[in-house]
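Comments concern the structure below.
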Amino acid sequence: MPRMAALVVLATGLALLAGCDKSPESPDIPAQRYTSRINLIGKNVGSLRGQIVFPSAYSQRSAPFFVNGVQLASQPDGRFWVRSIPTGEHELRIYVAGFEPIVRPVRVQGGQLADAQTLALQPARGRIVGRIVTDDGRSAAGATIRLEPYGLIGATDKDGIFQFMGLGGGQHLLAVQCVGCDREEWTLRLQPNEARNLGIVTVHRRIDTAGEPAQALRAGAGG
């Protein structure tokens with residue numbers, strides 16, 4: 001009986017929670033949940049809506065966005081509706097490859113629908129280029145290069161050269177990894193529309209227990 005009573009209390013709490021962030025202004029699109037109901041028991045929650053708009057109707061599509069660290073996605077027409085967000089201050093972040101990032105604070109109130117309104121994406125023209133070489137002067141061909149927060153992945157060519165285009169301003173995380181080597185990463189900050197040449201980035205060969213360079217390369221934050 002105690003277990004049954006606890007289940008009844010839990011079910012009642014979830015039922016009340018399910019309706020606490022409804023609003024007569026609720027959008028006519030499917031809602032996404034910020035987190036599971038079980039994480040929100042005893043908390044006041046609200047909702048957030050908005051629309052991510054591309055420069056051209058021909059390029060309009062679904063776009064990823066973040067509320068704090070939670071990744072979500074808009075509808076194909078750019079609209080979004082997120083429910084069950086705890087009340088308080090939050091950060092809305094939009095990173096779409098080829099466009100400038102959008103970072104905006106939003107305030108969510110209990111039982112209310114916060115409106116981020118229209119979030120218009122602007123084309124980005126920043127780029128970075130560099131060349132990765134080993135510490136013995138050889139080109140590091142085929143190294144994997146990853147750029148966050150856009151989630152872009154590239155590889156060096158036979159000369160160790162890599163390039164990313166269409167980058168927005170702000171802080172970026174650049175990671176380098178070679179087969180059989182540890183991942184290394186560092187940050188860089190770009191101004192809007194900045195083109196930066198990183199020059200030669202030197203990576204270090206892994207040294208085995210016999211004191212000889214291993215076949216794989218260990219990527220490092222040189223240059």
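Please note that chains go A, B, ... in the order of the structure tokens, that every chain numbers its residues from 1, and that ligands are numbered from 1 in the order shown.
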Where does stretch 26-145 of chain A meet stretch 151-164 of chain A within 8 Å, residue by residue, with the nearest atom pair and distance in Å to one decimal for each, counting only C-alpha atoms, listed by chain and rising number, as CSV?
```
residue,atom,partner,partner_atom,distance
A:Ala97,CA,A:Leu152,CA,7.8
A:Arg127,CA,A:Phe164,CA,5.5
A:Ile128,CA,A:Phe164,CA,5.5
A:Val129,CA,A:Gln163,CA,4.3
A:Gly130,CA,A:Phe162,CA,5.7
A:Arg131,CA,A:Ile161,CA,4.2
A:Ile132,CA,A:Gly160,CA,4.9
A:Val133,CA,A:Gly160,CA,6.3
A:Ser139,CA,A:Gly160,CA,4.8
A:Ala140,CA,A:Gly160,CA,4.8
A:Ala141,CA,A:Lys158,CA,4.7
A:Gly142,CA,A:Thr156,CA,5.0
A:Ala143,CA,A:Thr156,CA,5.4
A:Thr144,CA,A:Ala155,CA,4.6
A:Ile145,CA,A:Gly154,CA,5.1
```
**Message:** At a cut-off of 12 Å, using only C-alpha atoms, what residues contact A:Ala31? Leave out same-chain residues fewer than 5 positions from it and give the result as a list in words.
**Reply:**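 After dropping sequence-adjacent residues, the list is Asp21, Lys22, Ser26, Ser47, Leu48, Arg49, Gly50, Leu72, Ala73, Ser74, Gln75, Arg79, Phe80, Trp81, Val82, Arg83, Ser84 and Ile85 of chain A.
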**Asked** Leaving out A:Pro55 and any residue of its chain fewer than 5 positions from it, which residues lie within 8 Å of it when counting only C-alpha atoms, given as a ChimeraX atom specification?
**Response** /A:60,120-123
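Nearest residue to A:Met165 among A:Ala114, A:Leu147, A:Cys178, A:Leu188 is A:Leu147, counting only C-alpha atoms.
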**Request:** In Å, rounded to a single decimal, give me how far atom CA of A:Ala63 is from atom CA of A:Gly126.
**Result:**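 According to the coordinates, atom CA of A:Gly126 and atom CA of A:Ala63 are separated by 20.0 Å.
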Contacts of A:His90 at 7 Å or less, counting only C-alpha atoms, minus same-chain residues fewer than 2 places along, as a compact mmCIF listing (two decimals) with N, CA and C atoms, in the first residue's frame?
```txt
# COMPACT_ATOMS: atom_id res chain seq x y z
N VAL A 67 19.12 25.88 -25.95
CA VAL A 67 18.69 26.63 -24.77
C VAL A 67 19.60 26.15 -23.65
N ASN A 68 20.50 27.03 -23.24
CA ASN A 68 21.61 26.63 -22.39
C ASN A 68 22.38 25.52 -23.12
N GLY A 88 13.32 31.48 -14.94
CA GLY A 88 14.59 32.17 -14.70
C GLY A 88 15.25 32.62 -15.99
N LEU A 92 19.80 31.59 -25.19
CA LEU A 92 19.43 31.00 -26.47
C LEU A 92 20.58 31.20 -27.45
N PRO A 105 19.91 36.43 -24.47
CA PRO A 105 19.34 36.02 -23.18
C PRO A 105 17.81 36.00 -23.26
N VAL A 106 17.20 35.05 -22.60
CA VAL A 106 15.74 34.97 -22.54
C VAL A 106 15.32 34.74 -21.10
N ARG A 107 14.20 35.29 -20.73
CA ARG A 107 13.68 35.12 -19.38
C ARG A 107 12.37 34.36 -19.46
```
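Residue nearest A:Ile200, chosen from A:Thr187, A:Thr134, A:Gln177, A:Ser36 and counting only C-alpha atoms: A:Thr134.
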**Asked** So which residues of stretch 2-185 of chain A fall under strand (DSSP E or B) by DSSP, listed as JSON, numbers by chain?
**Response** {"A": [32, 33, 45, 46, 47, 48, 49, 50, 51, 52, 53, 64, 65, 66, 67, 70, 71, 72, 73, 79, 80, 81, 82, 83, 84, 85, 86, 88, 89, 90, 91, 92, 93, 94, 99, 102, 103, 104, 105, 106, 107, 108, 113, 114, 115, 116, 117, 118, 119, 120, 123, 126, 127, 128, 129, 130, 131, 132, 133, 134, 139, 144, 145, 146, 147, 148, 152, 153, 154, 155, 161, 162, 163, 164, 165, 166, 167, 170, 171, 172, 173, 174, 175, 176, 177, 184, 185]}
**Message:** Please determine, counting only C-alpha atoms, which residue among A:Leu40, A:Leu113, A:Leu173, A:Leu190 has the shortest atom-to-atom distance to A:Arg125.
**Reply:**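 Of A:Leu40, A:Leu113, A:Leu173, A:Leu190, the one nearest A:Arg125, counting only C-alpha atoms, is A:Leu190.
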